Amino acid sequence: MEALDSRDEVVVVERHRLLCSHDGKSWLENRIRENSLTHLVIAACSPRDREQIFMEACGRAGLNPHLFQLANVREHCAWTTDRKEEATEKAIRMTRIAIARVRYQAPLEKKEIEVNPDVLVVGGGVAGLRACATLASQLRKVFLVESTDRLGGMIARFEKAFPDMRDVKSYLENLVNDVRSNPRIEVMTEAKVERIIGFFGNFEIVVRKGGSDSGATELRVGAVILATGASLADPKGIEGFDLCAVPDVFTALEFEDMNRRGCIVCRNGSPPKSVAIIHCIGREEKGYCSGICCMYSLKFSRYLTDKISSVQVTHLYRDMCVPGRFYQDYFEESLGDRVKIVRHRKSRVTEKEGRPIVLYEDVNGRENALAVDMVILAPAMEPADGSRRIAEVAGIPLDKEGFILERHPKLATESSGKDGIYIAGCAQEPKSIEESVIQAEAVAGKIMASLVPGRKIEPEVRISTIADSFCQGCGSCVAVCPYGAVSLDERRKVAVVNEVICRGCGNCAAACPSGAASIRHYTRSQMYQEIMEAVR
Amino acid sequence: MTRDRALEIVVVGAGIAGMQASLLLSKAGRKVHLIERASVIGGLATKFEEVFTSMECATCMLAPMEQELLQDSNINLMTLANIEEVIRTPQGFKVKVRIKARFVDAVSCIGCGACYDLCPASAPNEYELGLSSRKAIFVPCAGALPNIPMIDPNLCLRFKGHQCDACKQACMFEAIDFQQKERILELDVGAIVVATGADIINTKELPKCGYGSIEGVYTSLEFERFYASNGPTSGKIVLRDGRVPKSVAIVHCVGRSESGYCSSVCCMYSFKFNHYLRSKIPEIEIIEFVTDLCVPGKAGQHFMREAASGKTRIVRVRDLEIREGTSQPIISYSLEDGDRDEAAVDMVILAPSLVPDPGTQELAEMLDISTDNRGFLQVNKDNRIEWARKGIFVIGCAEGPKDIEASVAQANAATARILREGLLDEL
């Protein structure tokens with residue numbers, strides 16, 4: 001204490017046993033007031049642990065919280081060594097560093113900005129519809145933009161859904177009806193989103209209908225959900241399945257269409273007596289397992305055995321992928337006299353006398369030929385065409401497979417890298433209907449919790465600031481900003497920071513060749529003082 | 001005040017799912033009572049050093065979430081707490097919670113750890129699955145949060161009538177309080193979120209896997225702790241006799257035929273173990289004994305390929321059995337062509353089925369909801385976020401085995417449902 005007391009700028013040095021306790025905090029507030037402190041240094045524990053509560057105490061005592069500095073003499077000093085005397089030396093030095101720094105700190109004021117609670121949903125498949133239905137309320141309007149002329153997306157082609165074999169048509173009708181009849185949801189079909197600019201809470205959107213020049217609609221929303229879905233890979237590009245010439249070979253979606261229309265028949269008009277369903281088409285080429293193909297292939301054998309009494313179905317699979325609590329039951333219940341499974345390594349389809357033949361290598365390496373009336377291919381899921389376009393419009397990255405890249409693979413799969421832009425359904429990764437629905441509601445939960453009607457948001461205050469007078473307009477900062485917060489003002493030829501988007505990461509300050517960019521609360525003079533005291 | 005805001009919520013279980021739901025509900029302005037049975041939060045995922053497929057450090061992923069939760073004034077976290085009784089009311093639920101005494105004052109304690117060094121009583125550390133010991137006053141492992149020890153009254157000498165007060169003497173902050181009493185709390189809430197998580201199947205009851213009787217056989221959770229930098233070996237992969245293994249077998253689908261379902265995460269974490277093993281013992285031989293590979297999603301297969309390169313063999317087997325050899329465990333199995341074969345290795349790691357937490361049944365009875373034939377909480381099949389009964393939401397592995405991202409998604413979705421219900425009530 002004596003070592004610190006002797007410094008001119010220090011008004012008072014005091015000791016407290018447990019400053020973060022309730023008593024400690026009120027004692028601290030009183031001492032700030034009584035001594036009319038202009039700056040405060042606390043030598044205690046980790047800022048991660050306690051900085052926030054001390055800053056709050058400063059605020060209550062009328063001292064700007066940014067005129068306070070915490071020296072971590074516990075984790076960074078006391079707890080790292082047994083050598084008491086040297087540790088005391090270090091603690092004194094660390095505290096002096098904090099004192100040197102705090103003198104150069106500036107009072108930063110929090111700002112509040114108004115937000116728009118409305119939401120734009122791009123894509124009218126099951127994920128998009130579910131997000132709309134969950135979000136729309138008296139206080140929140142939802143705009144749904146769908147590129148085709150109808151709502152429902154891929155699942156509109158299904159008769160039933162695994163694992164509960166629920167009727168998809170009525171499920172979807174109810175959902176579409178909920179969305180269509182809700183006065184707080186505005187549906188725009190045959191429309192495309194052309195522009196998404198802005199930031200969390202305040203996006204400006206341009207939507208064009210019908211691709212014509214019939215006019216663009218401008219919308220203002222606080223958040224955007226990308227639910228652009230997926231499609232199935234075209235087997236034509238896959239070796240062994242270039243099937244133009246082979247009759248009675250169908251892709252999964254073609255088979256769903258045929259089944260939904262109520263007549264599963266071969267080219268000659270008669271129902272198939274033998275069917276081969278080949279799983280994992282394109283899995284090697286794509287490099288990933290789509291996770292749902294085994295399940296929908298099993299569903300197909302249920303369609304077949306339910307509707308054609310004499311049919312024999314053979315599943316040619318590689319790994320039976322039936323994860324979770326319900327899927328293995330579904331798998332086991334799908335098997336029977338008329339449905340068998342054969343593990344294989346490689347297969348291709350050819351033709352003999354007008355009938356498809358499946359040639360496959362079994363697990364022992366033997367070649368086999370299976371002649372059937374019908375072949376169904378289960379191709380890998382791939383991102384829908386719309387994903388790439390919308391990602392460009394929104395200025396967010398795709399992953400190497402072309403799905404929209406999530407913010408975090410574990411904790412934030414429903415968020416894109418950009419605040420306020422979310423992902424739902426197969427646009428992020430291949431998913432089942434139930435997973436898509438859960439993700440759609442997860443996005444809704446995120447938005448409902450953060451974009452509350454009537455509540456303002458407080459942007460981070462320790463952010464970048466770029467001095468016009470030093471800025472050369474070189475754009476180095478624009479290139480390194482991971483949040484898209486810095487842009488060039490073309491007219492004035494200087495870089496400008498959007499204070500709502502900036503997170504204060506410091507990339508721009510490090511990259512700036514002219515010293516124009518700096519981070520509030522981490523300015524050059526503050527850092528310089530800190531270092532000079534450390535090396536004195 | 002609108003009715004929406006008046007609704008308070010109980011979340012049961014402070015694993016990833018429960019923490020995420022609590023944080024998001026709090027962010028939406030709701031008051032959350034988070035009830036955790038253990039003395040620390042974070043759940044099963046705190047036992048992992050790294051997570052698949054990014055191999056991100058699990059603590060680095062979890063700690064900020066835990067810190068945020070501990071500092072959130074909207075979240076009333078109760079550790080060492082159990083639900084005693086739930087009564088349905090017209091507005092929701094009356095929930096009676098018993099909070100056991102920690103015997104350490106959470107406000108005064110700074111977590112310095114001076115108390116446990118001097119404690120004379122020790123016992124196997126349950127958190128480390130008995131691979132190390134702990135004192136009567138302890139935190140389960142370094143880095144566990146909240147960083148406040150508890151006294152185990154069944155072990156502490158003082159509670160057995162001795163005059164010991166070594167911990168009290170050691171504490172500079174007078175945080176030790178032998179007189180602390182357990183508390184009963186009654187809460188009126190509008191919704192209950194159940195996030196009680198999962199455990200692994202009891203491998204001792206699966207005789208063919210040799211666990212508990214054959215030296216060198218470990219469960220996946222034990223292996224996670226061997227690799228953990230805050231674990232019993234500080235991250236060294238060693239056998240019980242201290243030798244470094246030269247060959248390892250990882251057995252997938254242990255207990256799958258008994259449990260009747262695929263637990264969906266075991267293939268992925270088994271391939272993660274390849275990364276663990278290679279980073280510590282580069283030349284180690286690894287055999288992955290698999291039945292069906294389950295690596296769904298855009299990153300799963302890439303991860304598997306990368307992990308299984310080098311000296312790793314993936315062998316597809318049936319009828320696997322582990323027996324005792326002269327110096328090593330021996331795995332005998334049928335190959336796909338029906339031939340019987342065997343392999344001897346230094347270490348066997350079992351990847352057992354995920355099963356509901358042992359307390360699930362009791363909680364289900366209190367909540368008057370049912371469990372399915374596997375003991376997972378029964379939910380409305382219409383969509384899987386759902387309530388078992390109105391006002392009750394089940395998320396994470398209590399609803400069925402799943403990975404972290406699926407648990408987080410359910411937590412967020414349940415939040416949407418709760419906020420939406422509030423809105424509907426208001427209108």
# chains A, B, ... in the order shown; residues from 1 in each chain; ligands from 1
>>> residues_around(residues="stretch 267-275 of chain A", least_positions_apart="4", cutoff="12 Å", atoms="only C-alpha atoms", output="CSV table (one decimal) with C-alpha atoms, in the first residue's frame")
chain,number,residue,atom,x,y,z
A,246,VAL,CA,-32.1,-47.3,-68.7
A,247,PRO,CA,-35.9,-47.6,-68.2
A,248,ASP,CA,-37.7,-47.8,-64.9
A,249,VAL,CA,-35.0,-46.1,-62.9
A,250,PHE,CA,-36.3,-43.3,-60.7
A,255,PHE,CA,-40.6,-41.8,-57.0
A,258,MET,CA,-45.2,-41.2,-58.7
A,259,ASN,CA,-46.4,-42.5,-55.3
A,262,GLY,CA,-51.3,-42.9,-56.6
A,263,CYS,CA,-49.8,-45.2,-59.2
A,297,SER,CA,-35.5,-45.3,-48.5
A,300,PHE,CA,-40.2,-46.1,-49.8
A,301,SER,CA,-40.3,-49.8,-49.1
A,303,TYR,CA,-45.1,-47.3,-49.6
A,304,LEU,CA,-44.3,-50.2,-51.9
A,305,THR,CA,-45.4,-53.0,-49.5
A,307,LYS,CA,-49.6,-50.7,-52.1
A,308,ILE,CA,-48.3,-53.7,-54.0
A,309,SER,CA,-49.0,-57.0,-52.3
A,310,SER,CA,-46.6,-59.1,-54.2
A,311,VAL,CA,-43.6,-56.8,-54.3
A,312,GLN,CA,-40.1,-57.7,-53.2
A,313,VAL,CA,-37.9,-54.9,-52.2
A,314,THR,CA,-34.1,-55.0,-51.9
A,315,HIS,CA,-32.2,-52.3,-50.1
A,316,LEU,CA,-28.6,-52.0,-51.3
A,338,ARG,CA,-40.9,-58.7,-48.6
A,339,VAL,CA,-38.1,-56.3,-47.7
A,340,LYS,CA,-34.5,-57.4,-47.4
A,341,ILE,CA,-31.3,-55.5,-47.0
A,354,GLY,CA,-35.5,-53.6,-71.4
A,355,ARG,CA,-35.1,-54.4,-67.7
A,356,PRO,CA,-32.8,-52.6,-65.3
A,357,ILE,CA,-30.0,-54.7,-63.8
A,358,VAL,CA,-28.2,-53.7,-60.7
A,370,LEU,CA,-29.8,-58.2,-59.6
A,371,ALA,CA,-32.5,-58.0,-62.2
A,372,VAL,CA,-35.5,-56.0,-61.0
A,373,ASP,CA,-38.6,-54.3,-62.5
A,374,MET,CA,-37.8,-50.9,-60.9
A,375,VAL,CA,-34.8,-49.2,-59.4
A,376,ILE,CA,-35.0,-46.2,-57.0
A,377,LEU,CA,-31.9,-44.1,-56.3
>>> interface_residues(of="chain B", to="chain A", cutoff="6 Å", atoms="only C-alpha atoms", output="list in words")
Lys27, Ala28, Tyr261, Cys262, Ser263, Ser264, Asp292, Leu293, Cys294, Pro296, Gly297, Lys298, Gln301, Asp337, Gly400, Pro401, Ile404, Glu405, Ala409, Asn412, Ala413, Thr415 and Ala416 of chain B
>>> write_last_selection(atoms="N, CA and C atoms", output="mmCIF file, in the first residue's frame")
data_model
loop_
_atom_site.group_PDB
_atom_site.id
_atom_site.type_symbol
_atom_site.label_atom_id
_atom_site.label_comp_id
_atom_site.auth_asym_id
_atom_site.auth_seq_id
_atom_site.Cartn_x
_atom_site.Cartn_y
_atom_site.Cartn_z
ATOM 1 N N LYS B 27 -32.586 -13.569 -21.469
ATOM 2 C CA LYS B 27 -32.385 -12.485 -22.439
ATOM 3 C C LYS B 27 -33.722 -11.895 -22.878
ATOM 4 N N ALA B 28 -34.734 -12.768 -22.923
ATOM 5 C CA ALA B 28 -36.066 -12.302 -23.304
ATOM 6 C C ALA B 28 -36.768 -11.605 -22.150
ATOM 7 N N TYR B 261 -31.551 -48.831 -29.797
ATOM 8 C CA TYR B 261 -31.480 -47.667 -30.681
ATOM 9 C C TYR B 261 -30.021 -47.279 -30.888
ATOM 10 N N CYS B 262 -29.797 -46.473 -31.921
ATOM 11 C CA CYS B 262 -28.461 -45.932 -32.198
ATOM 12 C C CYS B 262 -28.341 -44.605 -31.462
ATOM 13 N N SER B 263 -27.303 -44.453 -30.659
ATOM 14 C CA SER B 263 -27.178 -43.252 -29.829
ATOM 15 C C SER B 263 -26.679 -42.026 -30.587
ATOM 16 N N SER B 264 -26.332 -42.205 -31.836
ATOM 17 C CA SER B 264 -26.080 -41.130 -32.802
ATOM 18 C C SER B 264 -24.805 -40.297 -32.606
ATOM 19 N N ASP B 292 -22.538 -50.357 -38.072
ATOM 20 C CA ASP B 292 -22.905 -49.433 -39.135
ATOM 21 C C ASP B 292 -22.332 -48.081 -38.775
ATOM 22 N N LEU B 293 -21.701 -47.419 -39.739
ATOM 23 C CA LEU B 293 -21.160 -46.096 -39.448
ATOM 24 C C LEU B 293 -22.277 -45.073 -39.473
ATOM 25 N N CYS B 294 -22.322 -44.258 -38.443
ATOM 26 C CA CYS B 294 -23.349 -43.218 -38.388
ATOM 27 C C CYS B 294 -22.639 -41.871 -38.289
ATOM 28 N N PRO B 296 -23.726 -38.713 -39.895
ATOM 29 C CA PRO B 296 -24.561 -37.847 -40.727
ATOM 30 C C PRO B 296 -24.139 -36.386 -40.671
ATOM 31 N N GLY B 297 -24.534 -35.652 -41.694
ATOM 32 C CA GLY B 297 -24.274 -34.214 -41.697
ATOM 33 C C GLY B 297 -23.105 -33.851 -42.580
ATOM 34 N N LYS B 298 -22.970 -32.564 -42.822
ATOM 35 C CA LYS B 298 -22.017 -32.142 -43.841
ATOM 36 C C LYS B 298 -20.560 -32.344 -43.435
ATOM 37 N N GLN B 301 -18.487 -37.204 -42.341
ATOM 38 C CA GLN B 301 -17.658 -38.159 -43.082
ATOM 39 C C GLN B 301 -16.242 -37.627 -43.317
ATOM 40 N N ASP B 337 -17.762 -61.674 -43.745
ATOM 41 C CA ASP B 337 -17.929 -62.920 -44.490
ATOM 42 C C ASP B 337 -18.193 -64.104 -43.552
ATOM 43 N N GLY B 400 -33.996 -37.856 -25.725
ATOM 44 C CA GLY B 400 -33.427 -38.878 -26.607
ATOM 45 C C GLY B 400 -31.975 -38.529 -26.845
ATOM 46 N N PRO B 401 -31.142 -39.518 -27.194
ATOM 47 C CA PRO B 401 -29.722 -39.223 -27.371
ATOM 48 C C PRO B 401 -29.506 -38.229 -28.508
ATOM 49 N N ILE B 404 -24.465 -32.021 -29.195
ATOM 50 C CA ILE B 404 -24.574 -30.698 -28.571
ATOM 51 C C ILE B 404 -25.425 -29.759 -29.427
ATOM 52 N N GLU B 405 -25.171 -29.770 -30.755
ATOM 53 C CA GLU B 405 -25.906 -28.806 -31.577
ATOM 54 C C GLU B 405 -27.404 -29.074 -31.568
ATOM 55 N N ALA B 409 -30.283 -26.534 -30.210
ATOM 56 C CA ALA B 409 -31.419 -26.181 -31.073
ATOM 57 C C ALA B 409 -32.735 -26.397 -30.322
ATOM 58 N N ASN B 412 -33.287 -23.614 -27.759
ATOM 59 C CA ASN B 412 -33.748 -22.373 -28.383
ATOM 60 C C ASN B 412 -35.203 -22.486 -28.822
ATOM 61 N N ALA B 413 -35.544 -23.659 -29.350
ATOM 62 C CA ALA B 413 -36.909 -23.867 -29.837
ATOM 63 C C ALA B 413 -37.899 -23.883 -28.678
ATOM 64 N N THR B 415 -37.580 -22.278 -25.977
ATOM 65 C CA THR B 415 -37.718 -20.874 -25.588
ATOM 66 C C THR B 415 -38.772 -20.186 -26.453
ATOM 67 N N ALA B 416 -38.709 -20.442 -27.756
ATOM 68 C CA ALA B 416 -39.703 -19.849 -28.653
ATOM 69 C C ALA B 416 -41.101 -20.270 -28.239
#
>>> residues_around(residues="B:Ser220", least_positions_apart="4", cutoff="9 Å", atoms="only C-alpha atoms", output="list in words")
Ile200, Glu224, Arg225, Ile250, Cys266, Tyr269, Ser270, Phe273, Ile349, Leu350, Ala351 and Pro352 of chain B
>>> write_last_selection(atoms="N, CA and C atoms", output="mmCIF file, in the first residue's frame")
data_model
loop_
_atom_site.group_PDB
_atom_site.id
_atom_site.type_symbol
_atom_site.label_atom_id
_atom_site.label_comp_id
_atom_site.auth_asym_id
_atom_site.auth_seq_id
_atom_site.Cartn_x
_atom_site.Cartn_y
_atom_site.Cartn_z
ATOM 1 N N ILE B 200 -24.143 -42.869 -19.662
ATOM 2 C CA ILE B 200 -23.897 -44.022 -20.527
ATOM 3 C C ILE B 200 -24.475 -45.265 -19.860
ATOM 4 N N GLU B 224 -12.271 -40.022 -21.988
ATOM 5 C CA GLU B 224 -12.332 -38.554 -22.088
ATOM 6 C C GLU B 224 -11.544 -37.915 -20.944
ATOM 7 N N ARG B 225 -11.685 -38.496 -19.750
ATOM 8 C CA ARG B 225 -11.001 -37.913 -18.591
ATOM 9 C C ARG B 225 -9.493 -38.156 -18.637
ATOM 10 N N ILE B 250 -11.210 -49.410 -30.326
ATOM 11 C CA ILE B 250 -12.391 -48.635 -29.948
ATOM 12 C C ILE B 250 -13.606 -49.420 -30.434
ATOM 13 N N CYS B 266 -21.878 -41.742 -30.983
ATOM 14 C CA CYS B 266 -20.734 -42.590 -30.608
ATOM 15 C C CYS B 266 -19.722 -42.733 -31.736
ATOM 16 N N TYR B 269 -17.728 -39.459 -31.747
ATOM 17 C CA TYR B 269 -16.728 -39.255 -30.683
ATOM 18 C C TYR B 269 -15.648 -40.325 -30.734
ATOM 19 N N SER B 270 -15.972 -41.509 -31.280
ATOM 20 C CA SER B 270 -14.937 -42.536 -31.428
ATOM 21 C C SER B 270 -13.863 -42.074 -32.409
ATOM 22 N N PHE B 273 -11.679 -39.680 -30.778
ATOM 23 C CA PHE B 273 -10.648 -40.329 -29.956
ATOM 24 C C PHE B 273 -9.378 -40.613 -30.769
ATOM 25 N N ILE B 349 -11.391 -49.252 -25.616
ATOM 26 C CA ILE B 349 -12.306 -48.167 -25.235
ATOM 27 C C ILE B 349 -13.693 -48.538 -25.740
ATOM 28 N N LEU B 350 -14.656 -48.570 -24.834
ATOM 29 C CA LEU B 350 -16.025 -48.917 -25.205
ATOM 30 C C LEU B 350 -16.817 -47.644 -25.490
ATOM 31 N N ALA B 351 -17.603 -47.671 -26.550
ATOM 32 C CA ALA B 351 -18.504 -46.550 -26.845
ATOM 33 C C ALA B 351 -19.928 -47.005 -26.525
ATOM 34 N N PRO B 352 -20.359 -46.823 -25.271
ATOM 35 C CA PRO B 352 -21.642 -47.382 -24.847
ATOM 36 C C PRO B 352 -22.832 -46.492 -25.224
#
>>> residues_around(residues="stretch 311-319 of chain B", least_positions_apart="4", cutoff="10 Å", atoms="only C-alpha atoms", output="MDAnalysis selection string")
(chainID A and resid 363) or (chainID B and resid 208 247:252 271 274 278 282:293 307 332:341)
>>> residues_around(residues="B:Glu174", least_positions_apart="6", cutoff="10 Å", atoms="only C-alpha atoms", output="PyMOL selection string")
chain B and resi 104-105+108-109+167-168
>>> residues_around(residues="stretch 483-498 of chain A", least_positions_apart="5", cutoff="7 Å", atoms="only C-alpha atoms", output="ChimeraX atom specification")
/A:418,464-466,468,471-473,475,477-478
>>> write_last_selection(atoms="C-alpha atoms", output="compact mmCIF listing (two decimals), in the first residue's frame")
# COMPACT_ATOMS: atom_id res chain seq x y z
CA LYS A 418 -23.59 -11.73 -39.56
CA SER A 464 -13.22 1.16 -33.56
CA THR A 465 -12.98 4.79 -34.47
CA ILE A 466 -11.26 6.07 -37.59
CA ASP A 468 -10.84 11.27 -40.94
CA CYS A 471 -7.25 8.21 -43.10
CA GLN A 472 -5.81 7.75 -46.59
CA GLY A 473 -8.78 5.72 -47.80
CA GLY A 475 -9.23 0.21 -47.57
CA CYS A 477 -9.39 -1.91 -42.67
CA VAL A 478 -12.35 -2.81 -44.90
>>> select_by_dssp(residues="stretch 68-164 of chain A", states="strand (DSSP E or B)", output="ChimeraX atom specification")
/A:68-72,113,119-122,125,137,140,142-145,152,160-161
>>> write_last_selection(atoms="N, CA and C atoms", output="PDB file, in the first residue's frame")
ATOM      1  N   PHE A  68     -12.275   3.155 -14.909  1.00  0.00           N
ATOM      2  CA  PHE A  68     -11.879   2.186 -13.886  1.00  0.00           C
ATOM      3  C   PHE A  68     -11.009   1.128 -14.545  1.00  0.00           C
ATOM      4  N   GLN A  69      -9.993   0.662 -13.822  1.00  0.00           N
ATOM      5  CA  GLN A  69      -9.133  -0.389 -14.358  1.00  0.00           C
ATOM      6  C   GLN A  69      -8.922  -1.447 -13.280  1.00  0.00           C
ATOM      7  N   LEU A  70      -8.980  -2.706 -13.705  1.00  0.00           N
ATOM      8  CA  LEU A  70      -8.816  -3.815 -12.766  1.00  0.00           C
ATOM      9  C   LEU A  70      -7.472  -4.488 -13.010  1.00  0.00           C
ATOM     10  N   ALA A  71      -6.619  -4.535 -11.975  1.00  0.00           N
ATOM     11  CA  ALA A  71      -5.346  -5.253 -12.096  1.00  0.00           C
ATOM     12  C   ALA A  71      -5.561  -6.668 -11.540  1.00  0.00           C
ATOM     13  N   ASN A  72      -5.313  -7.639 -12.361  1.00  0.00           N
ATOM     14  CA  ASN A  72      -5.579  -9.025 -11.957  1.00  0.00           C
ATOM     15  C   ASN A  72      -4.390  -9.601 -11.187  1.00  0.00           C
ATOM     16  N   ILE A 113     -30.174   2.213 -29.434  1.00  0.00           N
ATOM     17  CA  ILE A 113     -30.804   2.444 -30.732  1.00  0.00           C
ATOM     18  C   ILE A 113     -32.115   1.678 -30.842  1.00  0.00           C
ATOM     19  N   VAL A 119     -39.588  -9.288 -39.307  1.00  0.00           N
ATOM     20  CA  VAL A 119     -38.646 -10.300 -39.784  1.00  0.00           C
ATOM     21  C   VAL A 119     -38.937 -10.651 -41.243  1.00  0.00           C
ATOM     22  N   LEU A 120     -37.871 -10.836 -42.008  1.00  0.00           N
ATOM     23  CA  LEU A 120     -37.996 -11.346 -43.373  1.00  0.00           C
ATOM     24  C   LEU A 120     -37.585 -12.815 -43.380  1.00  0.00           C
ATOM     25  N   VAL A 121     -38.451 -13.664 -43.965  1.00  0.00           N
ATOM     26  CA  VAL A 121     -38.111 -15.072 -44.114  1.00  0.00           C
ATOM     27  C   VAL A 121     -37.953 -15.359 -45.605  1.00  0.00           C
ATOM     28  N   VAL A 122     -36.820 -15.917 -45.985  1.00  0.00           N
ATOM     29  CA  VAL A 122     -36.576 -16.222 -47.396  1.00  0.00           C
ATOM     30  C   VAL A 122     -36.708 -17.725 -47.600  1.00  0.00           C
ATOM     31  N   GLY A 125     -40.464 -23.201 -47.685  1.00  0.00           N
ATOM     32  CA  GLY A 125     -40.534 -24.622 -47.359  1.00  0.00           C
ATOM     33  C   GLY A 125     -40.970 -24.788 -45.917  1.00  0.00           C
ATOM     34  N   SER A 137     -46.824 -12.000 -34.732  1.00  0.00           N
ATOM     35  CA  SER A 137     -47.685 -11.686 -33.596  1.00  0.00           C
ATOM     36  C   SER A 137     -48.194 -10.266 -33.765  1.00  0.00           C
ATOM     37  N   ARG A 140     -45.291  -8.069 -34.084  1.00  0.00           N
ATOM     38  CA  ARG A 140     -44.211  -8.399 -34.989  1.00  0.00           C
ATOM     39  C   ARG A 140     -44.780  -8.898 -36.314  1.00  0.00           C
ATOM     40  N   VAL A 142     -44.237 -10.421 -40.183  1.00  0.00           N
ATOM     41  CA  VAL A 142     -43.280 -11.278 -40.881  1.00  0.00           C
ATOM     42  C   VAL A 142     -43.550 -11.207 -42.385  1.00  0.00           C
ATOM     43  N   PHE A 143     -42.492 -11.064 -43.163  1.00  0.00           N
ATOM     44  CA  PHE A 143     -42.589 -11.096 -44.618  1.00  0.00           C
ATOM     45  C   PHE A 143     -41.995 -12.407 -45.100  1.00  0.00           C
ATOM     46  N   LEU A 144     -42.751 -13.144 -45.912  1.00  0.00           N
ATOM     47  CA  LEU A 144     -42.244 -14.405 -46.448  1.00  0.00           C
ATOM     48  C   LEU A 144     -42.053 -14.258 -47.955  1.00  0.00           C
ATOM     49  N   VAL A 145     -40.814 -14.476 -48.410  1.00  0.00           N
ATOM     50  CA  VAL A 145     -40.521 -14.369 -49.837  1.00  0.00           C
ATOM     51  C   VAL A 145     -40.185 -15.757 -50.371  1.00  0.00           C
ATOM     52  N   GLY A 152     -44.550 -24.552 -49.511  1.00  0.00           N
ATOM     53  CA  GLY A 152     -44.452 -25.962 -49.106  1.00  0.00           C
ATOM     54  C   GLY A 152     -43.090 -26.565 -49.351  1.00  0.00           C
ATOM     55  N   LYS A 160     -46.017 -39.205 -47.246  1.00  0.00           N
ATOM     56  CA  LYS A 160     -45.904 -39.402 -45.802  1.00  0.00           C
ATOM     57  C   LYS A 160     -44.512 -39.027 -45.336  1.00  0.00           C
ATOM     58  N   ALA A 161     -44.395 -38.833 -44.028  1.00  0.00           N
ATOM     59  CA  ALA A 161     -43.092 -38.475 -43.458  1.00  0.00           C
ATOM     60  C   ALA A 161     -42.681 -39.525 -42.434  1.00  0.00           C
TER      61      ALA A 161
END
>>> residues_around(residues="A:Val393", least_positions_apart="6", cutoff="12 Å", atoms="only C-alpha atoms", output="ChimeraX atom specification")
/A:122,192-198,204-207,224,226,386-387,421
